Amino acid sequence: MDTVNKPARRVDALGKVLGESKYGADLQFEGMLYGKVLRTPYPHARILSIDTDEAATLPGVEAVLTAADVPGLHTFGTVVPNQQVLAKEVVRYLGDAVAIVAAVSPAVAEKALDLIKVEYEELEAVFDPEEAMAEGAPVLHEDAPGNIAAHHVLEKGEVEEGFAASDIILEREYETQLVEHAYIEPEAAVAVPEPGRRGITVYGSIQNPFSCRKALSRMLGFKLNEIRVIQAFMGGSFGGKDEVMSAMCARASMLALKTGRPVKMVNTREESLLEGYKRHPYKLKYKVGATKEGKLTAMKIYILADAGAYTAQTPFVTWRSVVQATGPYEVPHVRTDVYGVHTNNCYTSAFRGFGSPQIIFAQESLMDELAEELGMEPLELRRLNGYRQGSVTATGQKLDEHKVSLMEVLDKAVEKSDYLRKRKEYANQQGRFRKGIGLACSFRGCSLGAEGVDATGAMVSVQYDGSVYVFSGLAENGQGLQTIFSQIAAEELGISVERVRFMPTDTAAIPDGGPTVASRSTLMGGNAVRIAAAKVRETLLGAVLGRLKASAQELDWGNDRIWVKDDPSRCVSFEEAINEACAQGELLAALGWYKAPKVTWDDRHGQGNAYFTYVYGCQVAEVEVDTETGYTRVLKVTAAHDVGRAINPETVRGQIYGGVAQGIGYALLEEVQQHEGEIKSLNFDEYLIPGIMDMPEIEAIIVENPDSFGPYGAKTIGEPTLEMTAPAIASAVAQATGRRVRQLPLDLERVLLGRSLQQDRYKRREGGC
Amino acid sequence: MKKLPVVLTVNGKEYSLTVESNERLLDTLRQRLGLTGTKEGCGVGECGACSVILDGNLVNSCMVLTAQCDGSRVETVEGLGTAEKLHPLQQAFIDYNAVQCGFCTPGMLMAAKALLDKNPHPTEAEIRQGLSGVLCRCTGYKQIVDAVKAAAGEEG
Amino acid sequence: MLEFDLFRPQNLQEALDLLAEYKGSARVMAGGTDLMIALRAKKGMENVKYIIDISRLQELAYIREGEGLEIGPLATMTQVAESPVVRQCAGVLAAAASTVGSPQIRNRGTIGGNVVNAAVCADTVAPLVALEAKIKLERKGGSRWLPLDQFITGPNRTQLAADELMTGIVFAKLPANAGWGFMRLARREALAIARMNVAVVIKRDSQGKVEDASIVPGAVLPRPGRVTEAEKLLIGTIPDGALARRAGEAVAEAMISAAGRRWSTPYKEPAIIALTERAIKQALEVEWR
C-alpha cells in the first residue's frame, strides 16, 4: 500500500492553522440577521399564553415566532418524533424553546426576548427515573405509559439455573453520571433562503446533514430537495450536534423564511449546556454467578437510564447496552433488562460510546470485585472468561467472521504497562500518596448493527487535469475523515493524495448515506470511497489496454502511473490515461455504495447477530492518590486497540489520546450538576474537562487484524478509546485506597469519603465551594 | 452607550476605530475586522479559544474591552504566517497531527507563540504550563505538546 | 453584556473624582477577569451605569521595595509571581499568585482586583493576611489604611465605600529566618478555583524554635484571618509532624465553630487538616540562618 496505512498529513490542517477555515459562527452573509431563543423558566408547565407584540415592535426586530408559526409539524425525532422545536401547549424541560426572535444584532434580539410575555401554569414534575416509572407519576408523553421511552430485553439460557450452578454469587449496584460533550465550539448555524424558488440552504456545525435535512423537511413542510444542508467546519461534536442542531437549524430556517434574509444563530456556552442533550446517566444492578474457579455461570442485569424529556436516540443507546452489557465474557445464562425512562430533566441522546461507557464501568468493576472475592488476579478472571475465536455472545452470536483479538489486546496492554509487576508492587503501600494500577477491556460492535438500515455512499470524480474530487455523505467531525477518505481514494486510483480534494458534506451533492455515528465512517464510508475510486480506476485501465497492448490482469498501478507488471517500461502516466479515457468518451466519475453485511435481531428475546463485526480493546491505568485529600493523578494510560487496519496511524493515535482524555474526564472530573431539572454547571468553570496539565503519559498500541469487511481491513477506533478508561482508573484507585467506589466521577469527595456531597449542596441551598 | 475612539495595531496593521463602551476585543477582531480565526468557546475566560497576544502578553480576548486597548498591539493567528510561509509552530502542528477539529488551534498557537517568545527552549512541563489556559476536547494534547517541542527545537 | 458608559481617567485624581460623582452606579475595572464575567451575566449589576477603567493609571502599577514591600493594585498576578523582590522577600505571595487560573488570566488579573473582589477562594488573600498586609483606600479628599483582615468582612464583601479606590498594599518583608508554605487544593491542575488554600509564615529563633507563626486558611472561614489557636500550638517548639497535624486540627475546629457544619464540611474538615500540616512542613523546611 502506498498511501493507506501511512501517516499522511491531514488535508484540513492548513486552513485550520492559518485560522482561515470557516466554522458556523464565522460565516457572514449580506443582510444577515441574528436569532435568539426564549426558553422556559419551568421544567414542566402548560403554556397559557404568549404575547409577542411588544417584542415584535422593538426597533431592529424583524420577526418573532412561536410554535403557532411552525410551517410543518412542530415535533421531530428519529425514532419517536416527540421533541419540540418550539413548545406548543406544554414545556417538558428547562431547555425547551418557547419563542424565537430575529433582529439586526444579537444585543437587540436579547432585548426583544425580555419583552416577550409568557404565562405558564406549572405542572407537577418528575426528576427521578424510578419515581417516573411509579404509579401516579406525571406522564410526559401520552404514547409512553409509565414514562417508558425504551425497554430492551435479552434472555439467553435460563438465568436461575445458572445461579443454581454457581459457587459464588455477587450483587452490586453502580451508577454513572450526567456528562456533556463539551465540544469547544458551541452550536452555530446560518440559514439562507433561496432566492427565486422555494428553498433554504443551511450551513453550520451539523454532525449529520441528512438527519438534519429530514427533520427540517418535517418541520418546514418542505420537500427534501428544497432543503440543502452544507456542513461548515465543525469544532467537535462527539455525537452531540445532532438533534440540538436540527432544532437550531429549523429555528434559523423559520426566521430566514419569514424575513427573507439569512439568519445566524449561535449558542452561548450556557445555552449549549442548558439545552443540548447529554449522555444518559445509568443506574446499573448486576448479579453475577461463578464457579469457585472463576468461570462465569450467570448474569442478571437491570439498567435504568434517564432519558430526560424527549426520546431522541434513547431506544438505540439502550439497545447497544442490552447487547453488550455482559462485557466480552462467555456467560451461558443471561437476563438483561434495560429501561430508558422519561423525566423532566435534560434529554439524553448520542455521545461517543452510545450506551457503552456506562455498562463497561459496571461490568469491569464487577469483574474486579468478583476476582477479589475469589482471591484471583483480575487479569486471570479476564483470561478465563474472555471471548476467544468461536465464542458465543450473550445475544447468541458466534464470533468467527473476524479475528477475536481480546486476548491479544489484553496481553499487549498488560505487557507494555508492566501491569503484573506493578499490581504486586502496589498491593501493600504505606504513606499518604499511594499508587494503584488497574485494567479494563471491552468489545464493541461496529457501525449501526441491528438499529436499522446501514448503507452509505461516496462519489469520486477525476478531472481532466488529474485533480480529483471526493464527496461523501459522512462528515468531518475533526476526527480526520477528510484525510482518511482522501487516502483511500488515492490508494485505489494509484495517485498521490495531494491530487485529491475532499468536498464539504452537502446534501445536494450525494445520496443520503446515513449519519456519521457509531464509528462507522472508515468502515462504511471508507468502503464506499474505495468502491467508487475502484470503478474509476477500472475505466482508466480499460482505456489504456490498447495503448499498452495488455489485458487488464496484466496491469498494475501506483505512484501516479499505470504499467505492465512484466514490463514496467510499458507505462502511462495518470494524466495520459485520463486523456485516453476522455478521448474515448468515457465517464471518469463513479458513485460507490456500500451496504453493511446482514445482521439479525429478535427483540422478544434479545437474540441475534447484532453487529457484523467487532473490535476489542484494553486499557491499563496507573494512578497516584493523595489519600488525605482524595486528589487523583493519572500517571499513565496504556491503550491497546484492534483497529483492523490503521488507514492513517497518526490519526488513529490522535483518536486514542483524545478518547483517553475524555475517559479521564468521565472517570475523575466531569459531572453536569442537575437539581430538580435545573442545570447548575453552566460553563467550563463548573463543568471541568481535562486540561493539558491533567493528562498522563499515554502509550498507544495499535493492533491490526485486518477485517474481511473493512476497507483494507480497517474497522473502528473513534468510540472504543473512551469507553473503558474510567473502570481502569476506578480499579487503580480501588487498589490505591483499599476502597471500591461504585459511582462516577471519582471526584475529591468520592475518593476521600466514598460518596458525593453535591446533592446536599442543592438540597440545603448552600453556596460556596 | 458612550462610544470611544481606539487606535489598535493588529498583526502590524493600524486601525482607527470607534467602539462601544462594552465591546469586547474578541468581537472587534471577529466582527469589525473580519478576523474570524480567533474563536469564542465560553465567554468567561475558561477555554482559551479566544487567546490573542496583547502588548506581548497572552490574554483571553473575551475578557478584554477594546476600549481598554487604545494604542495597543494585538497579535492574532492570522498574523502568524501565510500558506507560502508558515510560522514554525504552524508547520509543526501540521507535521505532528496536532490539529483535529481545529477549533482550539488558534488559541493553542498563540499560547505557544507567547511561550516561545519569552522562553525559547521550554521543558515539557513549561510547555504544558504555557498552554494550560487553552482547553482541547479532541486531541488529548499529546501531539500538540510534541509539535511545540519540535518548533522550539527548530527555532533554536 | 450590560450596557454602560466607560470612562478612562488619565490619572488617579480623575478616577477619584469620577467615583465621587457616580459612587454606587459605577464599578472600577482593572484587568477585568472578575468584572467582565459579572457584566456578561448581568449579575449584581442592577444599578451599574458606569465603568471606570483604571488599567492605564501607571501610578498604581508598581512593586516597590522600601522598608517593606509596596504593591500597587494594578500589579498583575504574573508580575507578582515573577517579581524577584516578591519571590525573595514574600515568597508565599509569589507562590500563590503563580497558581491563579492560567497564563491568560494571570496576565490580566490584578492583585487589587483579587483583594477587592474578595472571593472566598482568592489566592492572594491568605498570603497577604499571613504577611499582615495593610491596604490603602483613597477617596476624593482623603485616604485611610486598614489591615487586610479587617478590610474583608465576608464572601465578596469588604469595607470599600462606594466612592473609594484601593490604591496600595504594604507589608513587611519576611526576615531571612522566616519560612513560608502555601498549599492549594483544586479539582484539577490549572484553570480551577481553589476549594481551599493555606498560607503559613513561620519565624524561628536562634535555637530553631518557633518564635512567631501565621496560619491563614482560605475558603474555610467566613472571613479570612489568622487562626491563633493553631499558631499558639507551635510557639516555642520545634514542631514535628504530629504537632503540625494538631495545628491542622485546630484550624478545622476554628472552621466549624465559625461557619458551622455545612454541606462541604465532611470533606473540608479532613482536607484542611492535611493542607495545614503540609503548609507548616513546607514552612519549616526553609534553611534557618
# chains A, B, ... in the order shown; residues from 1 in each chain; ligands from 1
>>> interface_residues(of="chain A", to="chain B", cutoff="8 Å", atoms="only C-alpha atoms", output="NGL selection string")
:A and (9-10 or 13-14 or 16-22 or 26 or 182-186 or 233-236 or 268-270 or 477-480 or 650-651 or 654-655 or 657-662 or 683-685 or 689-693 or 695)
>>> interface_residues(of="chain A", to="chain C", cutoff="6 Å", atoms="only C-alpha atoms", output="number ranges by chain")
A: 629, 693-694, 760-761, 769
>>> interface_residues(of="chain C", to="chain B", cutoff="6 Å", atoms="only C-alpha atoms", output="list in words")
Phe4, Asp5, Leu6, Met36, Ile37, Ser102 and Gln104 of chain C
>>> residues_around(residues="Arg570 in chain A", least_positions_apart="4", cutoff="8 Å", atoms="only C-alpha atoms", output="MDAnalysis selection string")
chainID A and resid 548 563:564
>>> select_by_dssp(residues="range 32-238 of chain C", states="strand (DSSP E or B)", output="number ranges by chain")
C: 50-53, 63-65, 69-71, 76, 110, 134-139, 142-147, 152-154, 157-158, 165-171, 178-185, 196-204, 210-218
>>> select_by_dssp(residues="range 143-194 of chain C", states="helix (DSSP H, G or I)", output="PyMOL selection string")
chain C and resi 148-151
